[in-house]
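Peer 1: Below is one structure. I have some questions about it.
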Amino acid sequence: MRLLLIIPTVFILVTTVFVLMRATGDPITAALGGRLTPDQLAERIHEAGYDRPLVVQYWEYLTGIFRGDFGTTLSDNRPVTEILTQYGAATLELTVYAVVVALVVGIPLGMLAASFRDRWPDAVLRVLAILAYATPVFFAGLLLKLVFSVGLGWFPVAGRVSTSGEIEMAKADAGSGFMLVDAIATGDPEVVGDVLRHAALPAIALGLLTAGVFLRLVRTNMIGTLGTEYVDAARSRGVRESRLVRAHAWRPALIPIITVVGMQVAMLLVGAVLTETTFEWRGLGFQLSEYLQARDFVAVQGIVVLMAVVVAVTNFLVDVIAALVDPRVRY
Amino acid sequence: MSSIRVSGRRLTAAAAGMTAITLALTACGGGGSDDEAGANEGGGEAITVGTTDKITSLDPAGSYDNGSFAVMNQVYPFLMNTPYGSPDVQPDIAESAEFTSPTEYTVKLKPGLKWANGHDLTSSDVKFTFDRQLAIADENGPSSLLYNLESTEAVDDTTVVFHLKSENDQVFPQILSSPAGPIVDEEVFAADALTPDQEIVDGEAFAGQYVITSYEVNSLITYEAYDGYQGVLGAAKTPEVNVRYFADSSNLKLEVQEGGVDVAFRSLSATDVEDLRGDDGVKVVEGPGGEIRYITFNFDTQPYGAAQPDADADKALAVRQAVAHLLDRDAIAEQVYKGTYTPLYSFVPAGLTGATEPLKEMYGDGQGAPDAAKAKEVLEAAGVTTPVELSLQYSNDHYGPSSGDEYALIKDQLEADGLFTVNLQTTEWVQYSKDRTSDVYPAYQLGWFPDYSDADNYLTPFFLKENFLGNHYDNAEVNDLILQQAVTADAAERAALIGQIQEAVAADLSTVPYLQGAQVAVVASDIEGAEDTLDASFKFRYGALSRG
Amino acid sequence: MAQLDSGLGPVGTAGAAPVHARGRGGWLRRLPVVHQLRQSVGLQRGPLVAGLVLTGLFVLVAVLAPVLAPYDHSQLRTPEGAFGAQQPPSAEHWLGTTVGGYDVLSRVIWGAQTALYVVVVAILASIVIGVVLGLVSGYFGGWLDRVLVVVADAIYAFPSLLLAILAAIVISGGQASMWGGIMATALSITVVFVPQYFRVVRSEVVRVKGEAFVDAARVLGSGHVRIMTRHVLRNSVRTLPLIVTLNASEAILTLAGLGFLGFGIEPTAAAEWGYDLQRSIADVTSGIWWTALFPGLAIVVVALGMTLVGESLNDLADPRLRTRTASADVAGDVAQTSVQASVETSVEAELKAAGPTAGPAGPEQKEDRA
């Protein structure tokens with residue numbers, strides 16, 4: 001049933017995006033509105049077929065998608081599928097780094113907060129957690145840049161790899177789209193280090209956002225499990241509180257984390273759009289805002305549909321996992 | 001091979017331990033480009049160029065934008081092209097080019113030309129190129145520039161005759177150097193469809209100063225000099241050039257500062273350029289640019305315009321003149337653009353043949369600065385009650401993020417002496433494009449990028465009776481002069497006509513131009529030659545660059 | 001995707017005083033936030049008070065912007081001359097000037113006003129549209145209900161900022177004035193929020209509809225509209241204040257995100273923090289820190305204040321978290337009471353997370369999935 005819901009969900013989003021994008025104007029006016037007369041514009045729009053009934057164009061687009069043909073971008077004439085794989089890889093790479101940061105930071109601190117419950121470390125950590133997601137990712141990014149790139153010079157200010165690294169990768173013919181993989185393919189540890197240094201600040205900026213959520217979540221669930229009968233039983237056996245946390249309470253509390261990683265996908269995608277813009281990380285988010293400016297609705301639709309599918313499928317997987325973990329949850 | 005380095009000024013602020021690390025990294029980073037050069041086997045001379053341009057297509061029929069044309073200028077041959085330092089065209093791979101009858105433009109190719117892949121470059125390729133442009137007529141392509149081309153005829157292997165629709169078209173030679181002009185290899189390109197970039201690269205369909213040896217779209221291009229090029233530009237000075245495409249400017253700025261790239265061209269932000277001017281490690285090189293910014297007045301809907309209830313042509317003119325008197329172009333260029341734009345006092349930008357500066361003498365204090373007293377005078381003389389209410393529109397998303405600052409400053413300048421009350425408005429670009437030609441905006445911002453480096457391109461589209469501005473400007477004298485210059489073969493006579501047109505329009509003020517974009521390249525201190533190619537052809541040739 | 005409904009279904013003891021039970025005296029104590037403030041103790045009171053102070057400060061600055069700001073938000077010069085661009089902090093410009101030559105301090109202060117307007121408009125519009133749709137959908141049911149639920153789920157699942165951007169492009173078509181820009185931005189944010197309110201209200205309606213007093217009213221011959229407004233609505237909207245607090249901070253962040261990506265309000269029409277931040281990106285690489293730092297801090301402070309309030313209210317509504325001794329007893333209905341909408345997905349996250357430890361899903365949840 002849930003699986004079937006993906007289809008209408010995606011369908012609705014495709015339709016919404018199509019209508020919204022087409023309501024915002026055509027790419028020809030966007031590109032040439034400053035240099036052609038209205039007649040010339042109208043002629044070009046007619047030649048490109050954008051003046052046909054919207055329903056006809058919509059039908060064309062839909063049938064194209066069903067054939068696996070997402071079309072060719074209007075502003076730079078590339079197959080949308082190519083855009084999706086190339087830039088999708090960049091976004092995926094950033095997202096993976098961010099999740100790693102979020103897990104490494106969020107889970108231990110959440111456990112710490114739970115074990116110091118209602119004492120000052122707990123209060124401090126919780127405020128920090130809230131601060132982490134009350135800070136817009138682009139401001140966090142700018143701050144990190146100011147301090148660690150411009151001020152201290154520890155990390156590069158933007159981009160995914162330095163020019164020399166890029167040239168080495170081109171020579172090694174590494175073109176997977178995943179910078180780290182390509183860097184390893186060059187066999188040059190300096191290039192690998194370079195790629196990782198470029199990734200550090202964007203990953204931290206995006207990861208901290210999610211880390212705050214994880215921290216709170218782990219804390220809440222820890223406290224919940226600390227109150228369950230099975231931990232109570234341990235407590236009554238005289239197990240110390242700190243050991244309770246380490247040995248008994250953490251495992252049930254971690255189960256939801258697995259599902260939450262999935263649930264964070266939508267948020268990470270939004271965060272990625274802003275992070276990529278801040279750090280000139282050329283991924284789907286960065287391209288999306290470029291294509292939006294160019295009113296390249298074919299490209300925008302392609303990217304948005306991909307994001308919608310990713311979110312919908314992850315949500316579905318999360319439900320499945322939740323059901324597997326806990327047989328009481330049935331769908 | 002690190003890109004990490006702290007600029008000298010900030011080193012002092014860093015802790016001592018940090019300094020040591022930084023220096024180590026700097027040494028590493030600085031060494032990067034040297035290792036690089038060695039590894040390239042290019043005689044230790046490879047130059048790395050960084051840019052934020054974007055490439056739409058390598059196929060000349062499929063793109064009509066700066067980023068793609070920048071690549072084409074390096075790798076494709078042209079029949080006509082501009083030598084370094086000049087906006088005027090000469091035969092490039094041709095021996096001669098001339099009108100053999102009013103509608104026949106005959107070009108003779110140099111004998112024995114070859115493509116980099118070994119194919120012969122003949123008149124058949126030329127005919128193929130232009131037939132193909134017209135046949136494909138891609139919506140992103142430049143085929144519209146060939147509006148005057150009836151047909152192309154290959155008479156023999158080295159002779160091509162262009163049959164034109166209108167007579168003695170003096171612009172046509174310029175068109176041959178425009179984005180519609182790159183000659184392509186008929187054995188690699190498809191006749192009726194766009195050819196994918198990778199096929200072009202694999203087919204080595206190049207015959208310009210350079211060939212592309214490796215190509216990753218919008219990421220990295222490697223060029224190698226082509227020794228078969230025999231055109232007007234001469235052989236490339238540097239055998240190997242890498243061009244890296246940056247997503248945005250801040251990373252480009254840092255890399256040029258650190259030596260990761262040797263040349264940064266298009267586009268660093270004004271703040272970046274300003275900052276780099278103070279950096280001893282790099283040189284900021286400037287040349288005239290083809291981009292202009294101007295305020296367009298709608299002659300129907302502006303204050304006292306023809307369709308207004310209080311229509312009065314004299315008062316309307318006085319309002320336009322007052323605006324021209326009040327604009328402080330220097331302040332806009334300096335405060336908003338930090339010198340990356342320069343004041344513009346004509347409709348034809350400085351650097352092009354025939355450009356004059358009529359607005360400098362006619363308006364303001366005569367030296368280019370504003371003059372509020374004159375503005376007041378002209379308004380009073382026409383009987384205009386002040387302050388004049390003026391609705392001014394600008395686009396916040398089409399001409400860069402600084403447009404907002406630009407127009408805030410213009411509003412401020414117009415209002416400073418109480419002569420105007422400006423109602424500043426902005427609209428999203430697509431709607432803006434529709435509104436501006438539908439008489440919605442009394443006065444509005446526009447910018448222009450030239451198709452080719454000829455004054456005609458700044459006059460014909462704007463000031464003929466039928467123009468793309470759609471602002472109801474109609475001056476029969478100007479109309480006739482523009483048509484006349486387009487068919488005047490004598491260069492001096494034509495330049496005089498162009499000067500006359502500029503003066504006439506300056507008196508009418510259909511538009512008030514105020515800024516001209518400068519071409520800015522930031523180069524490492526050991527790079528030479530950038531100043532040679534930053535000319536009014538607006539073509540940046542990597543072949544001019546060398547490591548000194 | 002329906003967890004939010006069930007989460008807000010049966011409400012714990014916290015914000016739960018039903019609307020019927022109004023006493024004469026002490027109404028002040030029953031106001032949503034005041035009630036919880038009194039209820040809170042110790043460490044939990046700290047964040048709540050801090051949040052209230054920050055939020056109050058924000059509203060105060062916003063209202064008093066014309067008095068507090070040294071210059072107008074689009075002012076470039078005084079009679080003595082132009083400010084100049086990117087001037088470092090000085091006696092005339094305490095926080096320096098921006099790349100456009102504006103006074104940073106004034107832009108930050110006026111930005112509070114813009115933010116307040118947008119948040120208020122966005123939330124009011126979301127509530128009105130969401131409540132009406134939720135009422136109609138939940139009360140009448142049928143195919144309309146099913147369609148609306150699927151659409152709301154689809155929109156809710158979608159990254160909110162992207163949706164707001166698309167909406168902003170469409171809505172902003174003719175934006176010109178300050179209010180034009182504010183309305184456009186606020187409505188773009190509304191598009192994102194409506195599904196949340198819709199779902200909350202709808203599930204409440206579905207629950208309340210089946211109760212005896214509604215049936216009684218129907219038997220007595222009351223019309224649909226009357227039943228909806230008099231009986232169902234009153235009982236359905238009691239949980240809204242909680243979501244409003246939580247959504248306010250999200251609205252601030254979305255507004256800033258839109259501005260940052262260039263789809264927000266125009267700089268000369270009104271000051272907007274996200275826009276100023278976007279313009280400061282290039283400054284940062286040149287070591288100009290004051291143009292980025294202060295608008296960013298303003299966003300953080302406001303979002304932090306509102307989130308603190310929202311989270312504290314939420315914690316107070318969660319018996320598991322309220323007091324240590326209580327937690328063991330009530331673990332069973334934890335999932336029903338914990339709401340955390342400040343970060344949109346964390347609502348789901350928390351509820352989801354509570355799922356396995358806390359028992360089967362509520363009835364509404366199942367209904368939605370059917």
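Starting from 1 in every chain, residues are counted up; chains themselves are A, B, ... following the order of the structure tokens, and ligands are numbered from 1 as listed.
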In region 175-374 of chain B, what's helix (DSSP H, G or I) per DSSP? Answer as a PyMOL selection string?

Peer 2: chain B and resi 175+197-202+249-258+270-277+313-326+329-336+358-362+372-374

Peer 1: Could you list, as a list of chain:residue names, every residue within 10 Å of Arg295 (chain A), counting only C-alpha atoms and ignoring same-chain residues fewer than 5 positions away?

Peer 2: A:Met21, A:Arg22, A:Thr24, A:Gly25, A:Asp26, A:Pro27, A:Ile28, A:Thr29, A:Ala30, A:Ala31, A:Leu74, A:Ser75, A:Ser289, A:Glu290, A:Val300, B:Trp429, B:Val430, C:Ile169

Peer 1: Which residues, written as a ChimeraX atom specification, have at least one atom at most 7 Å from region 123-131 of chain B, with only C-alpha atoms counted and residues fewer than 4 positions away on the same chain left out?

Peer 2: /B:135,152-154,156-160,183-186

Peer 1: Write a file of the selected residues as a CSV table (one decimal), in the first residue's frame, keeping all heavy atoms.

Peer 2:
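Just written: selection.csv:
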chain,number,residue,atom,x,y,z
B,135,ALA,N,20.1,25.6,-41.9
B,135,ALA,CA,19.3,24.5,-41.9
B,135,ALA,C,18.9,24.1,-40.5
B,135,ALA,O,17.7,23.8,-40.2
B,135,ALA,CB,20.0,23.3,-42.6
B,152,THR,N,25.2,30.3,-50.1
B,152,THR,CA,26.6,30.2,-50.1
B,152,THR,C,27.0,29.3,-51.2
B,152,THR,O,26.4,28.2,-51.4
B,152,THR,CB,27.2,29.6,-48.8
B,152,THR,OG1,26.5,30.3,-47.7
B,152,THR,CG2,28.7,29.8,-48.7
B,153,GLU,N,28.0,29.7,-52.0
B,153,GLU,CA,28.4,29.0,-53.2
B,153,GLU,C,29.9,28.7,-53.1
B,153,GLU,O,30.7,29.6,-52.9
B,153,GLU,CB,28.1,29.8,-54.4
B,153,GLU,CG,28.4,29.1,-55.8
B,153,GLU,CD,28.3,30.1,-56.9
B,153,GLU,OE1,27.8,31.3,-56.7
B,153,GLU,OE2,28.6,29.7,-58.0
B,154,ALA,N,30.3,27.4,-53.3
B,154,ALA,CA,31.7,27.1,-53.4
B,154,ALA,C,32.1,27.0,-54.9
B,154,ALA,O,31.7,26.1,-55.6
B,154,ALA,CB,31.9,25.7,-52.7
B,156,ASP,N,35.3,27.2,-56.4
B,156,ASP,CA,36.3,26.1,-56.5
B,156,ASP,C,36.8,25.8,-55.1
B,156,ASP,O,36.3,26.3,-54.1
B,156,ASP,CB,37.4,26.5,-57.5
B,156,ASP,CG,38.1,27.8,-57.0
B,156,ASP,OD1,38.4,27.9,-55.8
B,156,ASP,OD2,38.4,28.7,-57.8
B,157,ASP,N,37.9,25.0,-55.0
B,157,ASP,CA,38.3,24.6,-53.7
B,157,ASP,C,38.7,25.7,-52.7
B,157,ASP,O,38.6,25.5,-51.5
B,157,ASP,CB,39.6,23.7,-53.9
B,157,ASP,CG,39.2,22.2,-53.9
B,157,ASP,OD1,38.0,22.0,-53.8
B,157,ASP,OD2,40.1,21.4,-53.9
B,158,THR,N,39.1,26.9,-53.2
B,158,THR,CA,39.5,27.9,-52.3
B,158,THR,C,38.6,29.2,-52.5
B,158,THR,O,38.9,30.2,-51.8
B,158,THR,CB,40.9,28.3,-52.6
B,158,THR,OG1,41.1,28.7,-54.0
B,158,THR,CG2,41.9,27.2,-52.3
B,159,THR,N,37.6,29.1,-53.3
B,159,THR,CA,36.8,30.3,-53.5
B,159,THR,C,35.3,30.1,-53.0
B,159,THR,O,34.7,29.1,-53.4
B,159,THR,CB,36.8,30.7,-55.0
B,159,THR,OG1,38.1,30.8,-55.4
B,159,THR,CG2,36.1,32.1,-55.1
B,160,VAL,N,34.9,31.0,-52.2
B,160,VAL,CA,33.5,30.9,-51.7
B,160,VAL,C,32.8,32.3,-52.1
B,160,VAL,O,33.4,33.3,-51.9
B,160,VAL,CB,33.4,30.7,-50.2
B,160,VAL,CG1,32.0,30.6,-49.7
B,160,VAL,CG2,34.3,29.6,-49.8
B,183,ILE,N,34.2,28.1,-38.8
B,183,ILE,CA,34.1,27.1,-39.8
B,183,ILE,C,34.2,25.7,-39.2
B,183,ILE,O,35.1,25.5,-38.4
B,183,ILE,CB,35.2,27.3,-40.9
B,183,ILE,CG1,35.2,28.8,-41.4
B,183,ILE,CG2,35.0,26.4,-42.1
B,183,ILE,CD1,33.9,29.3,-42.0
B,184,VAL,N,33.4,24.8,-39.7
B,184,VAL,CA,33.4,23.4,-39.1
B,184,VAL,C,33.7,22.4,-40.2
B,184,VAL,O,33.5,22.6,-41.4
B,184,VAL,CB,32.1,23.0,-38.4
B,184,VAL,CG1,31.9,24.0,-37.2
B,184,VAL,CG2,30.9,23.0,-39.4
B,185,ASP,N,34.2,21.2,-39.8
B,185,ASP,CA,34.7,20.2,-40.7
B,185,ASP,C,33.4,19.4,-41.1
B,185,ASP,O,32.8,18.7,-40.3
B,185,ASP,CB,35.7,19.3,-39.9
B,185,ASP,CG,36.2,18.2,-40.7
B,185,ASP,OD1,35.8,18.0,-41.9
B,185,ASP,OD2,37.2,17.5,-40.2
B,186,GLU,N,33.2,19.3,-42.4
B,186,GLU,CA,32.0,18.6,-42.9
B,186,GLU,C,32.1,17.1,-42.7
B,186,GLU,O,31.1,16.4,-42.8
B,186,GLU,CB,31.8,19.0,-44.4
B,186,GLU,CG,32.9,18.5,-45.3
B,186,GLU,CD,32.6,18.9,-46.8
B,186,GLU,OE1,31.4,18.9,-47.1
B,186,GLU,OE2,33.5,19.2,-47.5

Peer 1: Please check the contacts: residues of chain C at most 12 Å away from chain B, using only C-alpha atoms, listed as a ChimeraX atom specification.

Peer 2: /C:73-87,97-102,168-178,180-181,260-270,275-276,278-288

Peer 1: Residues of chain A within 8 Å of chain B, using only C-alpha atoms, as a PyMOL selection string?

Peer 2: chain A and resi 24-26+29-30+33-38+44+48+75-77+150-159+162-167+170+190-191+194+280-282+293
